[in-house]
Structure formats: structure tokens, C-alpha cells
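Peer 1: Okay, so here is structure_25.cif, and as you'll see once you scroll down, it has mmCIF, C-alpha atoms.
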```cif
data_work
#
loop_
_atom_site.label_atom_id
_atom_site.label_comp_id
_atom_site.auth_asym_id
_atom_site.auth_seq_id
_atom_site.Cartn_x
_atom_site.Cartn_y
_atom_site.Cartn_z
CA MET A 1 -84.81 23.29 -53.98
CA LYS A 2 -81.29 21.92 -53.47
CA LYS A 3 -80.96 19.46 -50.60
CA PHE A 4 -78.00 18.67 -48.36
CA ALA A 5 -77.38 15.50 -46.40
CA ILE A 6 -75.72 16.30 -43.06
CA ILE A 7 -73.90 13.41 -41.38
CA LEU A 8 -73.60 13.72 -37.61
CA ALA A 9 -71.27 11.90 -35.22
CA GLY A 10 -73.12 12.16 -31.91
CA ASN A 11 -73.80 15.09 -29.59
CA GLY A 12 -71.00 17.18 -28.12
CA VAL A 13 -67.55 18.29 -29.19
CA TYR A 14 -65.44 15.81 -27.20
CA ASP A 15 -67.23 12.59 -28.12
CA GLY A 16 -69.71 13.49 -30.87
CA ALA A 17 -70.64 16.25 -33.29
CA GLU A 18 -69.68 19.86 -32.51
CA ILE A 19 -73.10 21.33 -31.77
CA GLN A 20 -72.42 24.91 -32.85
CA GLU A 21 -70.94 23.77 -36.14
CA VAL A 22 -73.98 21.57 -36.79
CA VAL A 23 -76.55 24.23 -35.96
CA LEU A 24 -74.77 26.95 -37.93
CA THR A 25 -74.44 24.61 -40.91
CA MET A 26 -78.20 24.01 -40.77
CA LEU A 27 -78.80 27.76 -40.55
CA ALA A 28 -76.46 28.50 -43.46
CA ILE A 29 -78.25 25.94 -45.63
CA LYS A 30 -81.70 27.37 -44.85
CA GLN A 31 -80.56 30.97 -45.26
CA GLN A 32 -79.47 30.15 -48.80
CA SER A 33 -82.89 28.72 -49.73
CA CYS A 34 -81.84 25.07 -49.54
CA ASP A 35 -82.99 22.18 -47.36
CA TYR A 36 -81.28 19.39 -45.42
CA GLN A 37 -81.77 15.96 -43.90
CA CYS A 38 -79.64 14.73 -41.02
CA PHE A 39 -78.19 11.22 -40.88
CA ALA A 40 -76.03 9.29 -38.41
CA PRO A 41 -74.84 5.69 -38.18
CA ASP A 42 -76.65 3.44 -35.70
CA ILE A 43 -73.53 2.42 -33.78
CA PRO A 44 -72.15 2.74 -30.23
CA GLN A 45 -70.05 5.79 -29.41
CA HIS A 46 -66.39 5.01 -28.85
CA HIS A 47 -66.74 6.46 -25.34
CA VAL A 48 -68.61 9.14 -23.39
CA ILE A 49 -66.87 12.29 -22.16
CA ASN A 50 -67.99 14.56 -19.32
CA HIS A 51 -68.02 17.95 -21.04
CA LEU A 52 -67.52 19.78 -17.74
CA ASN A 53 -64.19 18.21 -16.81
CA GLY A 54 -63.08 16.24 -19.89
CA GLU A 55 -63.06 12.92 -18.06
CA GLU A 56 -64.32 9.67 -19.53
CA MET A 57 -67.60 8.40 -18.04
CA ASN A 58 -68.55 4.81 -17.31
CA GLU A 59 -71.55 4.61 -19.63
CA THR A 60 -72.43 3.81 -23.23
CA ARG A 61 -74.36 5.86 -25.79
CA ASN A 62 -75.53 5.42 -29.37
CA VAL A 63 -74.38 7.77 -32.14
CA LEU A 64 -77.76 7.91 -33.89
CA ILE A 65 -79.72 8.47 -30.67
CA GLU A 66 -77.33 11.16 -29.48
CA SER A 67 -77.32 12.89 -32.88
CA ALA A 68 -81.12 12.96 -32.74
CA ARG A 69 -80.84 15.44 -29.86
CA ILE A 70 -79.35 18.06 -32.19
CA ALA A 71 -81.69 17.21 -35.07
CA ARG A 72 -84.76 17.45 -32.78
CA GLY A 73 -85.57 13.87 -33.71
CA ASP A 74 -85.67 14.55 -37.45
CA ILE A 75 -82.84 12.23 -38.41
CA LYS A 76 -82.40 9.01 -40.35
CA ASN A 77 -80.18 5.99 -39.98
CA LEU A 78 -77.21 6.41 -42.32
CA SER A 79 -78.06 3.00 -43.78
CA GLU A 80 -81.04 4.75 -45.45
CA PHE A 81 -78.90 7.30 -47.29
CA ASN A 82 -79.55 7.43 -51.05
CA VAL A 83 -77.10 9.47 -53.12
CA TYR A 84 -79.79 10.29 -55.70
CA ASP A 85 -81.97 12.06 -53.12
CA PHE A 86 -79.36 14.76 -52.41
CA ASP A 87 -77.41 17.46 -54.20
CA ALA A 88 -74.61 17.74 -51.60
CA LEU A 89 -73.17 16.11 -48.49
CA ILE A 90 -71.61 17.91 -45.54
CA PHE A 91 -69.87 16.85 -42.32
CA PRO A 92 -69.73 19.24 -39.35
CA GLY A 93 -66.81 18.58 -37.03
CA GLY A 94 -66.39 17.45 -33.44
CA PHE A 95 -64.12 14.70 -32.14
CA GLY A 96 -66.89 12.17 -32.75
CA VAL A 97 -65.95 12.39 -36.44
CA ALA A 98 -62.48 11.10 -35.56
CA LYS A 99 -63.69 8.67 -32.88
CA ASN A 100 -67.06 7.33 -34.08
CA LEU A 101 -67.14 7.81 -37.86
CA CYS A 102 -63.51 6.69 -38.14
CA SER A 103 -60.56 5.96 -35.84
CA ILE A 104 -58.22 8.80 -36.81
CA ALA A 105 -58.16 10.07 -33.20
CA PHE A 106 -56.53 6.80 -32.14
CA ASP A 107 -54.89 5.32 -35.22
CA GLY A 108 -53.85 8.39 -37.23
CA ALA A 109 -53.12 7.70 -40.89
CA LYS A 110 -53.76 3.96 -40.36
CA ALA A 111 -57.35 4.63 -39.28
CA SER A 112 -60.36 2.59 -40.28
CA VAL A 113 -63.59 4.26 -41.47
CA ASN A 114 -67.17 3.26 -40.74
CA GLU A 115 -68.42 1.39 -43.82
CA GLU A 116 -71.65 3.39 -44.19
CA VAL A 117 -69.78 6.69 -43.92
CA SER A 118 -67.25 5.57 -46.51
CA LYS A 119 -70.00 4.42 -48.89
CA ALA A 120 -71.84 7.75 -48.61
CA VAL A 121 -68.71 9.75 -49.42
CA ILE A 122 -67.59 7.49 -52.27
CA LYS A 123 -71.05 7.46 -53.88
CA MET A 124 -71.36 11.27 -53.74
CA HIS A 125 -67.82 11.62 -55.08
CA LYS A 126 -68.44 9.22 -57.98
CA ASN A 127 -71.63 11.11 -58.86
CA LYS A 128 -69.69 14.42 -58.86
CA LYS A 129 -71.78 15.98 -56.09
CA PRO A 130 -70.20 18.51 -53.68
CA ILE A 131 -68.90 17.27 -50.33
CA GLY A 132 -68.21 19.69 -47.47
CA ALA A 133 -66.24 19.08 -44.29
CA LEU A 134 -65.66 21.35 -41.31
CA CYS A 135 -63.15 21.28 -38.44
CA ILE A 136 -61.59 17.79 -38.10
CA ALA A 137 -63.88 16.26 -40.75
CA PRO A 138 -61.49 17.07 -43.65
CA ALA A 139 -59.18 14.40 -42.21
CA LEU A 140 -61.99 11.87 -42.62
CA ILE A 141 -62.45 12.87 -46.26
CA ALA A 142 -58.69 12.69 -46.81
CA LYS A 143 -58.67 9.14 -45.45
CA ILE A 144 -61.49 8.06 -47.77
CA ILE A 145 -60.36 9.83 -50.96
CA GLY A 146 -56.67 10.79 -50.49
CA ASN A 147 -54.77 10.84 -53.80
CA GLY A 148 -53.61 14.45 -53.82
CA LEU A 149 -56.87 15.88 -52.45
CA ASN A 150 -56.55 19.50 -51.25
CA VAL A 151 -58.07 20.08 -47.79
CA THR A 152 -57.60 22.25 -44.71
CA VAL A 153 -57.84 21.98 -40.94
CA GLY A 154 -56.45 25.48 -40.50
CA GLN A 155 -53.02 25.52 -38.88
CA ASP A 156 -52.96 22.31 -36.83
CA GLU A 157 -49.57 20.83 -37.66
CA ALA A 158 -50.15 17.36 -36.21
CA THR A 159 -53.44 16.84 -38.05
CA ALA A 160 -51.98 18.33 -41.22
CA ASN A 161 -49.14 15.78 -41.06
CA THR A 162 -51.67 12.95 -40.64
CA ILE A 163 -53.65 14.23 -43.62
CA GLU A 164 -50.52 14.24 -45.79
CA GLN A 165 -49.61 10.73 -44.63
CA MET A 166 -52.99 9.66 -45.98
CA GLY A 167 -52.10 10.97 -49.43
CA ALA A 168 -53.88 14.33 -49.34
CA ILE A 169 -52.40 17.84 -49.41
CA HIS A 170 -52.97 20.22 -46.51
CA ILE A 171 -53.51 23.94 -47.20
CA GLU A 172 -52.98 26.31 -44.27
CA THR A 173 -55.95 28.64 -43.74
CA ASP A 174 -57.52 31.12 -41.31
CA HIS A 175 -61.03 31.83 -39.99
CA GLY A 176 -63.78 31.59 -42.58
CA ASP A 177 -61.48 30.40 -45.36
CA VAL A 178 -62.70 27.61 -47.63
CA VAL A 179 -60.39 25.33 -49.59
CA LEU A 180 -61.97 24.04 -52.79
CA ASP A 181 -60.56 20.99 -54.50
CA GLU A 182 -62.30 21.70 -57.80
CA GLU A 183 -61.46 18.38 -59.43
CA ASN A 184 -63.03 16.41 -56.58
CA LEU A 185 -65.69 18.97 -55.52
CA ILE A 186 -64.47 18.84 -51.91
CA PHE A 187 -64.95 21.97 -49.74
CA THR A 188 -63.22 22.30 -46.37
CA SER A 189 -62.98 24.97 -43.66
CA PRO A 190 -61.16 24.85 -40.29
CA CYS A 191 -63.83 26.19 -37.89
CA TYR A 192 -62.97 25.03 -34.33
CA MET A 193 -59.65 23.51 -35.37
CA LEU A 194 -58.61 27.14 -34.91
CA ASP A 195 -59.06 29.13 -31.69
CA ALA A 196 -62.39 30.51 -32.84
CA ASN A 197 -65.55 32.19 -31.57
CA ILE A 198 -69.09 31.38 -32.64
CA SER A 199 -69.20 34.25 -35.15
CA GLN A 200 -66.12 32.87 -36.90
CA ILE A 201 -67.70 29.41 -36.92
CA TYR A 202 -70.73 30.89 -38.66
CA ASP A 203 -68.45 32.43 -41.28
CA GLY A 204 -66.82 29.07 -41.95
CA ALA A 205 -70.12 27.20 -42.19
CA TYR A 206 -71.83 29.85 -44.31
CA ASN A 207 -68.90 30.29 -46.67
CA THR A 208 -68.57 26.53 -47.15
CA VAL A 209 -72.27 26.06 -47.89
CA GLU A 210 -72.27 29.09 -50.22
CA ALA A 211 -69.29 27.77 -52.17
CA MET A 212 -70.91 24.34 -52.48
CA ILE A 213 -74.17 25.78 -53.82
CA LYS A 214 -72.29 27.73 -56.48
CA MET A 215 -70.85 24.45 -57.81
CA MET A 216 -74.18 22.63 -58.05
CA ASP A 217 -75.78 22.10 -61.45
#
```
Output the file's structure in the form of C-alpha cells.
Peer 2:
Amino acid sequence: MKKFAIILAGNGVYDGAEIQEVVLTMLAIKQQSCDYQCFAPDIPQHHVINHLNGEEMNETRNVLIESARIARGDIKNLSEFNVYDFDALIFPGGFGVAKNLCSIAFDGAKASVNEEVSKAVIKMHKNKKPIGALCIAPALIAKIIGNGLNVTVGQDEATANTIEQMGAIHIETDHGDVVLDEENLIFTSPCYMLDANISQIYDGAYNTVEAMIKMMD
């Protein structure tokens, strides 16, 4: 059975992982007779956002602990990730990707990337294993790999410009579309970077997972 590693960035679209994208990615993996293990870095969140009003809250949270909410506790510290245990790696979106896993939300093309996240991507890439990224996560992959990489965040011009400043190439797409960079085995889909509904998010997650499975040995 093929196994995916899913890297999460917290819990909630504005300061963590986008919950619907995570859950539908899990569902897509299971529906296609594969398995997954969730991971997250054991680090503080950049900040905490009230998801009712969008305001910052005066509290601190931990990315691994918050991610465990979505994974129902079945999650590992990203420091435990072993490239040889998995056939593929996938990142659901959510602003936590751009705030906790890297600093693209604040620093744009000059962003830094969490060392454990960078190591996981680079090791999978060097071992020619598929890497998927949904929503804003393609910008993270562009920052790590760059060098003419083809990715998509849909039709978001500002993020597309940032991606190209990081050395990647942005491809404009619509709901459910998947951009495959065949040379690098990178699969990206826009999901909630577009004005989408949950059915369209499922299409993006399912199509990305399906395309990744087809490229596995």
C-alpha cells in the first residue's frame, strides 16, 4: 500500500492548516487505497487569529499540538520524518503554511523556511518521490526548489508574482486543475486560493492525489 506523509501547519485557515483541505486530502488518499501519516513541526505558531472576526488574539499556541486536533491525535513530530518510509509528500494549504512553515506571508520572496520542512521537501525531491501542494502551499515549494519549477495558486496575481520572484513559473488555473512539473514530480492545485466551495476543494484534493499516485513506481 502506498503511503503519503501529510505535513500540517496548525489548525484553522487564518493561522494554521485549512481544515477542509486537510480532511479532503485524507479522504482522497484513503479512497484511492493508500494510507497516510500526519506530521507537523513542534514550534510556536506565529500568532493566533480569532476565526469569527479575523482579529489577532493575545495567546500562544503550538503548531504540532494544534495540528493534532485535525489528525485526532495520530500525528508525529516532523523531526521524526523519514523519507524512506513514504512514497509521497503532500501539503494542504491554509495561511499557517505561509506563517508557520515559512515566512512568505510577511517576507514574500525573501522568506525563510522552517529547517525541518525544507529538509523533508529536499529529501523527497532528491529521492524522486512525488510532492503535492494545495492552495498557498505551492509558494512554499517554489521557495524551497525554485529554478524554473512549474506551480499554480490559481489566479492570485500577487502570490503568482512572489512565486516568480523566487525563481519558479506560475501557471494560471481554475477549480480542480492540477499542474504537474514532471521533471521535479511536483503537483499543485489552487483550492481555496480561488473563490471555491467545498465540492471544488474535494476535486482539487482528489485530482492532485490521483495524479501523484499515477506517477509512483
Peer 1: Nearest to Ile163 of chain A: which of A:Gly94, A:Gly108, A:Gly176, A:Ile122 is it, counting only C-alpha atoms?
Peer 2: A:Gly108
Peer 1: In Å, how far is it from atom CA of Thr60 of chain A to atom CA of Gln45 of chain A?
Peer 2: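 Here the two named atoms are 6.9 Å from each other.
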Peer 1: Written as a VMD selection string, what is the full residue list that the PyMOL selection byres ((chain A and resi 8) around 12) yields on the file shown?
Peer 2: chain A and resid 5 to 7 9 to 13 15 to 19 21 to 23 25 to 26 37 to 43 45 62 to 71 75 to 78 89 to 98 100 to 101 117 133 to 134 137
Peer 1: For Asn161 of chain A, which residue out of A:Ala139, A:Val178, A:Val48, A:Ile144 is the nearest one, using only C-alpha atoms?
Peer 2: A:Ala139
Peer 1: List the neighbours of Met216 of chain A out to 12 Å using all atoms listed in the file; skip same-chain residues closer than 4 positions along the sequence, and give me the result as a PyMOL selection string.
Peer 2: chain A and resi 1-4+34+86-89+127-131+182+185+209-212
Peer 1: Okay, now the selection with C-alpha atoms, as a compact mmCIF listing (two decimals), in the frame of the given file?
Peer 2:
```txt
# COMPACT_ATOMS: atom_id res chain seq x y z
CA MET A 1 -84.81 23.29 -53.98
CA LYS A 2 -81.29 21.92 -53.47
CA LYS A 3 -80.96 19.46 -50.60
CA PHE A 4 -78.00 18.67 -48.36
CA CYS A 34 -81.84 25.07 -49.54
CA PHE A 86 -79.36 14.76 -52.41
CA ASP A 87 -77.41 17.46 -54.20
CA ALA A 88 -74.61 17.74 -51.60
CA LEU A 89 -73.17 16.11 -48.49
CA ASN A 127 -71.63 11.11 -58.86
CA LYS A 128 -69.69 14.42 -58.86
CA LYS A 129 -71.78 15.98 -56.09
CA PRO A 130 -70.20 18.51 -53.68
CA ILE A 131 -68.90 17.27 -50.33
CA GLU A 182 -62.30 21.70 -57.80
CA LEU A 185 -65.69 18.97 -55.52
CA VAL A 209 -72.27 26.06 -47.89
CA GLU A 210 -72.27 29.09 -50.22
CA ALA A 211 -69.29 27.77 -52.17
CA MET A 212 -70.91 24.34 -52.48
```
Peer 1: Would you fill the gaps in segment 79-107 of chain A so it has N, CA and C atoms, then print it as a PDB file, in the frame of the given file?
Peer 2:
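File rebuild-v2.pdb, as written:
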```pdb
ATOM      1  N   SER A  79     -77.825   4.123 -42.869  1.00  0.00           N
ATOM      2  CA  SER A  79     -78.060   3.000 -43.780  1.00  0.00           C
ATOM      3  C   SER A  79     -79.145   3.327 -44.810  1.00  0.00           C
ATOM      4  N   GLU A  80     -79.964   4.350 -44.544  1.00  0.00           N
ATOM      5  CA  GLU A  80     -81.040   4.750 -45.450  1.00  0.00           C
ATOM      6  C   GLU A  80     -80.592   5.787 -46.477  1.00  0.00           C
ATOM      7  N   PHE A  81     -79.358   6.237 -46.394  1.00  0.00           N
ATOM      8  CA  PHE A  81     -78.900   7.300 -47.290  1.00  0.00           C
ATOM      9  C   PHE A  81     -78.910   6.846 -48.751  1.00  0.00           C
ATOM     10  N   ASN A  82     -79.496   7.689 -49.614  1.00  0.00           N
ATOM     11  CA  ASN A  82     -79.550   7.430 -51.050  1.00  0.00           C
ATOM     12  C   ASN A  82     -78.932   8.615 -51.776  1.00  0.00           C
ATOM     13  N   VAL A  83     -77.841   8.397 -52.461  1.00  0.00           N
ATOM     14  CA  VAL A  83     -77.100   9.470 -53.120  1.00  0.00           C
ATOM     15  C   VAL A  83     -77.983  10.266 -54.080  1.00  0.00           C
ATOM     16  N   TYR A  84     -78.968   9.621 -54.678  1.00  0.00           N
ATOM     17  CA  TYR A  84     -79.790  10.290 -55.700  1.00  0.00           C
ATOM     18  C   TYR A  84     -80.848  11.221 -55.103  1.00  0.00           C
ATOM     19  N   ASP A  85     -81.000  11.184 -53.784  1.00  0.00           N
ATOM     20  CA  ASP A  85     -81.970  12.060 -53.120  1.00  0.00           C
ATOM     21  C   ASP A  85     -81.368  13.415 -52.736  1.00  0.00           C
ATOM     22  N   PHE A  86     -80.039  13.575 -52.924  1.00  0.00           N
ATOM     23  CA  PHE A  86     -79.360  14.760 -52.410  1.00  0.00           C
ATOM     24  C   PHE A  86     -78.436  15.382 -53.447  1.00  0.00           C
ATOM     25  N   ASP A  87     -78.288  16.702 -53.308  1.00  0.00           N
ATOM     26  CA  ASP A  87     -77.410  17.460 -54.200  1.00  0.00           C
ATOM     27  C   ASP A  87     -76.026  17.659 -53.606  1.00  0.00           C
ATOM     28  N   ALA A  88     -75.896  17.503 -52.284  1.00  0.00           N
ATOM     29  CA  ALA A  88     -74.610  17.740 -51.600  1.00  0.00           C
ATOM     30  C   ALA A  88     -74.597  16.997 -50.277  1.00  0.00           C
ATOM     31  N   LEU A  89     -73.396  16.789 -49.770  1.00  0.00           N
ATOM     32  CA  LEU A  89     -73.170  16.110 -48.490  1.00  0.00           C
ATOM     33  C   LEU A  89     -72.219  16.960 -47.674  1.00  0.00           C
ATOM     34  N   ILE A  90     -72.510  17.116 -46.369  1.00  0.00           N
ATOM     35  CA  ILE A  90     -71.610  17.910 -45.540  1.00  0.00           C
ATOM     36  C   ILE A  90     -71.457  17.275 -44.158  1.00  0.00           C
ATOM     37  N   PHE A  91     -70.224  17.361 -43.640  1.00  0.00           N
ATOM     38  CA  PHE A  91     -69.870  16.850 -42.320  1.00  0.00           C
ATOM     39  C   PHE A  91     -69.457  18.007 -41.407  1.00  0.00           C
ATOM     40  N   PRO A  92     -70.254  18.379 -40.409  1.00  0.00           N
ATOM     41  CA  PRO A  92     -69.730  19.240 -39.350  1.00  0.00           C
ATOM     42  C   PRO A  92     -68.650  18.482 -38.574  1.00  0.00           C
ATOM     43  N   GLY A  93     -67.897  19.219 -37.753  1.00  0.00           N
ATOM     44  CA  GLY A  93     -66.810  18.580 -37.030  1.00  0.00           C
ATOM     45  C   GLY A  93     -67.207  18.055 -35.664  1.00  0.00           C
ATOM     46  N   GLY A  94     -66.248  18.071 -34.747  1.00  0.00           N
ATOM     47  CA  GLY A  94     -66.390  17.450 -33.440  1.00  0.00           C
ATOM     48  C   GLY A  94     -65.554  16.178 -33.406  1.00  0.00           C
ATOM     49  N   PHE A  95     -65.018  15.850 -32.245  1.00  0.00           N
ATOM     50  CA  PHE A  95     -64.120  14.700 -32.140  1.00  0.00           C
ATOM     51  C   PHE A  95     -64.825  13.378 -32.423  1.00  0.00           C
ATOM     52  N   GLY A  96     -66.169  13.374 -32.380  1.00  0.00           N
ATOM     53  CA  GLY A  96     -66.890  12.170 -32.750  1.00  0.00           C
ATOM     54  C   GLY A  96     -66.624  11.750 -34.188  1.00  0.00           C
ATOM     55  N   VAL A  97     -66.309  12.726 -35.052  1.00  0.00           N
ATOM     56  CA  VAL A  97     -65.950  12.390 -36.440  1.00  0.00           C
ATOM     57  C   VAL A  97     -64.723  11.500 -36.451  1.00  0.00           C
ATOM     58  N   ALA A  98     -63.750  11.823 -35.597  1.00  0.00           N
ATOM     59  CA  ALA A  98     -62.480  11.100 -35.560  1.00  0.00           C
ATOM     60  C   ALA A  98     -62.494   9.922 -34.595  1.00  0.00           C
ATOM     61  N   LYS A  99     -63.589   9.766 -33.839  1.00  0.00           N
ATOM     62  CA  LYS A  99     -63.690   8.670 -32.880  1.00  0.00           C
ATOM     63  C   LYS A  99     -64.798   7.669 -33.246  1.00  0.00           C
ATOM     64  N   ASN A 100     -65.901   8.181 -33.792  1.00  0.00           N
ATOM     65  CA  ASN A 100     -67.060   7.330 -34.080  1.00  0.00           C
ATOM     66  C   ASN A 100     -67.222   7.015 -35.564  1.00  0.00           C
ATOM     67  N   LEU A 101     -66.999   8.032 -36.421  1.00  0.00           N
ATOM     68  CA  LEU A 101     -67.140   7.810 -37.860  1.00  0.00           C
ATOM     69  C   LEU A 101     -65.888   7.162 -38.452  1.00  0.00           C
ATOM     70  N   CYS A 102     -64.769   7.343 -37.765  1.00  0.00           N
ATOM     71  CA  CYS A 102     -63.510   6.690 -38.140  1.00  0.00           C
ATOM     72  C   CYS A 102     -62.652   6.608 -36.887  1.00  0.00           C
ATOM     73  N   SER A 103     -61.429   6.123 -37.016  1.00  0.00           N
ATOM     74  CA  SER A 103     -60.560   5.960 -35.840  1.00  0.00           C
ATOM     75  C   SER A 103     -59.314   6.830 -35.912  1.00  0.00           C
ATOM     76  N   ILE A 104     -59.386   7.929 -36.647  1.00  0.00           N
ATOM     77  CA  ILE A 104     -58.220   8.800 -36.810  1.00  0.00           C
ATOM     78  C   ILE A 104     -57.696   9.308 -35.469  1.00  0.00           C
ATOM     79  N   ALA A 105     -58.584   9.560 -34.513  1.00  0.00           N
ATOM     80  CA  ALA A 105     -58.160  10.070 -33.200  1.00  0.00           C
ATOM     81  C   ALA A 105     -57.217   9.102 -32.491  1.00  0.00           C
ATOM     82  N   PHE A 106     -57.312   7.825 -32.818  1.00  0.00           N
ATOM     83  CA  PHE A 106     -56.530   6.800 -32.140  1.00  0.00           C
ATOM     84  C   PHE A 106     -55.458   6.170 -33.027  1.00  0.00           C
ATOM     85  N   ASP A 107     -55.759   6.065 -34.319  1.00  0.00           N
ATOM     86  CA  ASP A 107     -54.890   5.320 -35.220  1.00  0.00           C
ATOM     87  C   ASP A 107     -54.215   6.190 -36.281  1.00  0.00           C
TER      88      ASP A 107
END
```
